[in-house]
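Pasting query01.cif here (mmCIF, C-alpha atoms):
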data_query
loop_
_atom_site.label_atom_id
_atom_site.label_comp_id
_atom_site.auth_asym_id
_atom_site.auth_seq_id
_atom_site.Cartn_x
_atom_site.Cartn_y
_atom_site.Cartn_z
CA MET M 1 0.00 0.00 0.00
CA SER M 2 1.46 3.35 -1.00
CA ILE M 3 0.45 6.71 0.40
CA THR M 4 0.94 10.05 -1.34
CA LEU M 5 3.03 12.50 0.63
CA GLY M 6 3.53 16.14 -0.34
CA PHE M 7 6.59 18.10 0.69
CA ILE M 8 7.93 21.63 0.42
CA ARG M 9 11.55 22.46 1.17
CA ASN M 10 12.57 25.61 2.96
CA ARG M 11 16.24 25.97 2.07
CA ARG M 12 16.75 28.99 4.26
CA GLU M 13 15.78 27.10 7.41
CA SER M 14 16.90 23.68 6.09
CA ASN M 15 13.46 22.22 6.93
CA VAL M 16 10.92 20.18 4.99
CA ILE M 17 7.19 20.68 5.52
CA ILE M 18 5.41 17.36 4.98
CA THR M 19 1.69 17.17 4.16
CA VAL M 20 -0.44 14.02 4.29
CA GLY M 21 -4.13 13.87 3.46
CA SER M 22 -6.43 16.63 2.27
CA GLY M 23 -9.15 18.87 3.62
CA ARG M 24 -9.92 18.53 7.31
CA LYS M 25 -7.92 15.32 7.54
CA ARG M 26 -4.75 17.01 6.30
CA GLN M 27 -1.82 16.88 8.70
CA GLU M 28 1.48 18.70 8.47
CA LEU M 29 4.81 17.97 10.06
CA ARG M 30 8.10 19.88 9.93
CA VAL M 31 11.37 17.91 10.00
CA THR M 32 14.96 18.59 9.05
CA SER M 33 15.85 17.97 5.42
CA GLU M 34 18.57 15.46 6.38
CA LEU M 35 16.05 13.34 8.27
CA PHE M 36 13.50 13.58 5.44
CA PHE M 37 15.89 12.49 2.67
CA THR M 38 17.34 9.73 4.85
CA ILE M 39 13.94 8.17 5.48
CA ILE M 40 12.50 8.88 2.01
CA PRO M 41 15.34 8.42 -0.49
CA GLN M 42 12.96 8.29 -3.48
CA ALA M 43 12.25 12.04 -3.11
CA ASN M 44 14.10 14.24 -5.56
CA PRO M 45 16.53 16.43 -3.54
CA PHE M 46 16.78 19.00 -6.35
CA LEU M 47 13.10 20.01 -6.22
CA TYR M 48 11.64 22.58 -3.82
CA GLY M 49 8.32 20.74 -3.65
CA ASP M 50 6.76 17.59 -5.00
CA THR M 51 4.61 14.57 -4.17
CA VAL M 52 6.12 11.17 -3.37
CA GLU M 53 4.64 7.72 -2.96
CA THR M 54 5.65 6.36 0.45
CA THR M 55 5.04 3.28 2.52
CA PRO M 56 3.27 3.36 5.90
CA ALA M 57 6.55 2.33 7.57
CA GLN M 58 8.28 5.45 6.23
CA LEU M 59 5.49 7.66 7.58
CA VAL M 60 5.80 6.05 11.00
CA GLU M 61 9.54 6.77 10.97
CA LEU M 62 8.87 10.43 10.17
CA GLY M 63 6.56 10.73 13.19
CA PHE M 64 3.05 10.04 11.89
CA GLU M 65 0.84 7.45 13.56
CA LEU M 66 -1.36 5.47 11.18
CA ASP M 67 -5.04 4.78 11.72
CA ALA M 68 -5.70 1.25 12.94
CA GLU M 69 -8.04 0.38 10.07
CA MET M 70 -5.73 1.72 7.33
CA LYS M 71 -8.79 2.02 5.05
CA ARG M 72 -9.43 5.70 5.46
CA GLU M 73 -5.72 6.59 5.56
CA VAL M 74 -6.27 9.00 8.45
CA PHE M 75 -3.12 10.25 10.13
CA ARG M 76 -2.47 11.90 13.43
CA VAL M 77 0.75 13.73 14.23
CA VAL M 78 2.47 12.22 17.26
CA ARG M 79 5.79 14.07 17.26
CA PRO M 80 8.81 14.23 15.00
CA LEU M 81 11.92 12.26 15.94
CA VAL M 82 14.04 15.39 15.73
CA THR M 83 12.44 18.67 16.72
CA PRO M 84 14.31 21.47 14.99
CA ALA M 85 14.59 24.87 16.61
CA GLN M 86 15.08 28.14 14.78
CA VAL M 87 17.68 30.56 16.17
CA ARG M 88 18.60 33.99 14.85
CA TYR M 89 21.94 35.52 15.75
CA VAL M 90 23.64 38.89 15.41
CA LEU M 91 27.12 40.08 16.38
CA ASP M 92 27.02 43.02 18.80
CA PRO M 93 29.63 45.52 17.54
CA ILE M 94 30.10 47.11 20.97
CA THR M 95 30.73 44.02 23.13
CA GLY M 96 31.89 41.64 20.38
CA ASN M 97 29.51 38.92 21.61
CA TYR M 98 26.71 37.18 19.71
CA ILE M 99 23.09 37.82 20.68
CA LEU M 100 20.91 34.73 20.04
CA ARG M 101 17.11 34.71 19.83
CA TYR M 102 15.07 31.51 19.99
CA VAL M 103 12.33 32.08 17.37
CA GLY M 104 8.82 31.44 18.69
CA THR M 105 9.78 32.14 22.31
CA ARG M 106 10.95 35.10 24.33
CA GLN M 107 14.32 33.54 25.07
CA GLU M 108 17.38 35.57 24.26
CA LEU M 109 20.96 35.07 25.36
CA VAL M 110 24.44 36.46 24.85
CA ILE M 111 27.37 34.16 24.09
CA GLN M 112 31.05 34.68 23.43
CA PRO M 113 32.11 34.30 19.78
CA ARG M 114 34.53 31.37 20.22
CA ALA M 115 31.97 29.29 22.11
CA PHE M 116 29.30 30.12 19.52
CA TRP M 117 31.55 29.15 16.59
CA LYS M 118 32.63 25.92 18.27
CA ILE M 119 29.13 24.75 19.24
CA THR M 120 27.27 25.69 16.05
CA GLY M 121 30.01 25.53 13.40
CA VAL M 122 29.10 28.98 12.06
CA ASN M 123 31.72 30.75 9.94
CA ARG M 124 33.78 33.25 11.92
CA ARG M 125 33.10 35.98 9.36
CA SER M 126 29.30 35.72 9.67
CA PRO M 127 27.94 38.72 11.63
CA LEU M 128 24.27 37.70 11.47
CA GLY M 129 22.07 34.90 10.27
CA SER M 130 19.61 32.15 11.06
CA LEU M 131 20.20 28.52 12.14
CA THR M 132 18.13 25.39 12.54
CA LEU M 133 19.48 23.46 15.50
CA SER M 134 18.62 20.27 17.37
CA MET M 135 17.46 20.39 20.98
CA ASP M 136 20.81 18.99 22.20
CA VAL M 137 22.67 21.91 20.63
CA MET M 138 20.08 24.32 22.04
CA LYS M 139 20.75 22.99 25.55
CA GLU M 140 24.47 23.29 25.00
CA LEU M 141 24.06 26.93 23.98
CA GLY M 142 22.09 27.63 27.16
CA PHE M 143 18.47 27.78 26.05
CA ILE M 144 15.76 26.22 28.23
CA VAL M 145 14.21 23.36 26.24
CA GLY M 146 12.23 20.22 27.04
CA LYS M 147 11.70 16.98 25.13
CA GLY M 148 9.19 18.38 22.67
CA GLY M 149 10.39 21.95 22.57
CA VAL M 150 10.18 24.78 25.06
CA ARG M 151 9.85 24.13 28.78
CA VAL M 152 8.54 27.06 30.79
CA GLU M 153 8.86 26.90 34.56
CA PRO M 154 6.62 29.21 36.58
CA SER M 155 8.30 31.43 39.14
CA LYS M 156 7.67 30.46 42.76
CA LYS M 157 7.96 34.08 43.89
CA LEU M 158 5.12 36.50 43.38
CA PHE M 159 7.41 39.53 43.46
CA ILE M 160 10.93 39.59 42.14
CA ASN M 161 13.37 42.10 43.62
CA TYR M 162 15.89 43.52 41.13
CA ALA M 163 17.84 45.58 43.68
#
In structure tokens, how does this file's structure come out?
Amino acid sequence: MSITLGFIRNRRESNVIITVGSGRKRQELRVTSELFFTIIPQANPFLYGDTVETTPAQLVELGFELDAEMKREVFRVVRPLVTPAQVRYVLDPITGNYILRYVGTRQELVIQPRAFWKITGVNRRSPLGSLTLSMDVMKELGFIVGKGGVRVEPSKKLFINYA
């Protein structure tokens, strides 16, 4: 049994948006392009978007859970195996440090250039840009992340003193 899978590549973020189904039953999932082309080698890596015939086993590997009956081909997103995170960075000309922003959250941190280059592998001559990183690298940089993404811990204090 083959299932039609649509994909669109975002080369700037190095992600692939996967679409299965149509109408109200349509489900989307965002994974890294390396993971996508590893699991689905029959997809053409030179196209920005296309449809591909896949097996149910390949969809399960990507993070979709198949319907038990398999007749209606209904899919439900469980979670991707690798959750990519988008980070934007800029070099502060005054301090010489990089300012990192975790896209989709309010997290922002400052890191020294050598540590940033070593952890992310960014070119030393790059003053600003955007990266797609795994959660392990995000933890290493110093962001607060959980298994499926962001972990927010409520403050135990009602009032915070900044004196």
Output of the PyMOL selection byres ((chain M and resi 101-104) around 7), listed as an NGL selection string: :M and (86-89 or 99-100 or 105-109)
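The two atoms in question, CA of Phe37 in chain M and CA of Thr54 in chain M, are spaced 12.1 Å apart.
Coordinates place CA of Tyr98 in chain M at a distance of 6.1 Å from CA of Pro113 in chain M.
With CA of Ala115 in chain M on one side and CA of Lys139 in chain M on the other, the separation reads 13.3 Å.
Closest to Ser33 in chain M among M:Thr132, M:Thr120, M:Thr4, M:Ser126 is M:Thr132, based on all atoms listed in the file.
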Residues selected by the PyMOL selection byres ((chain M and resi 55) around 8), written as a list in words: Met1, Ser2, Ile3, Glu53, Thr54, Pro56, Ala57, Gln58 and Leu59 of chain M
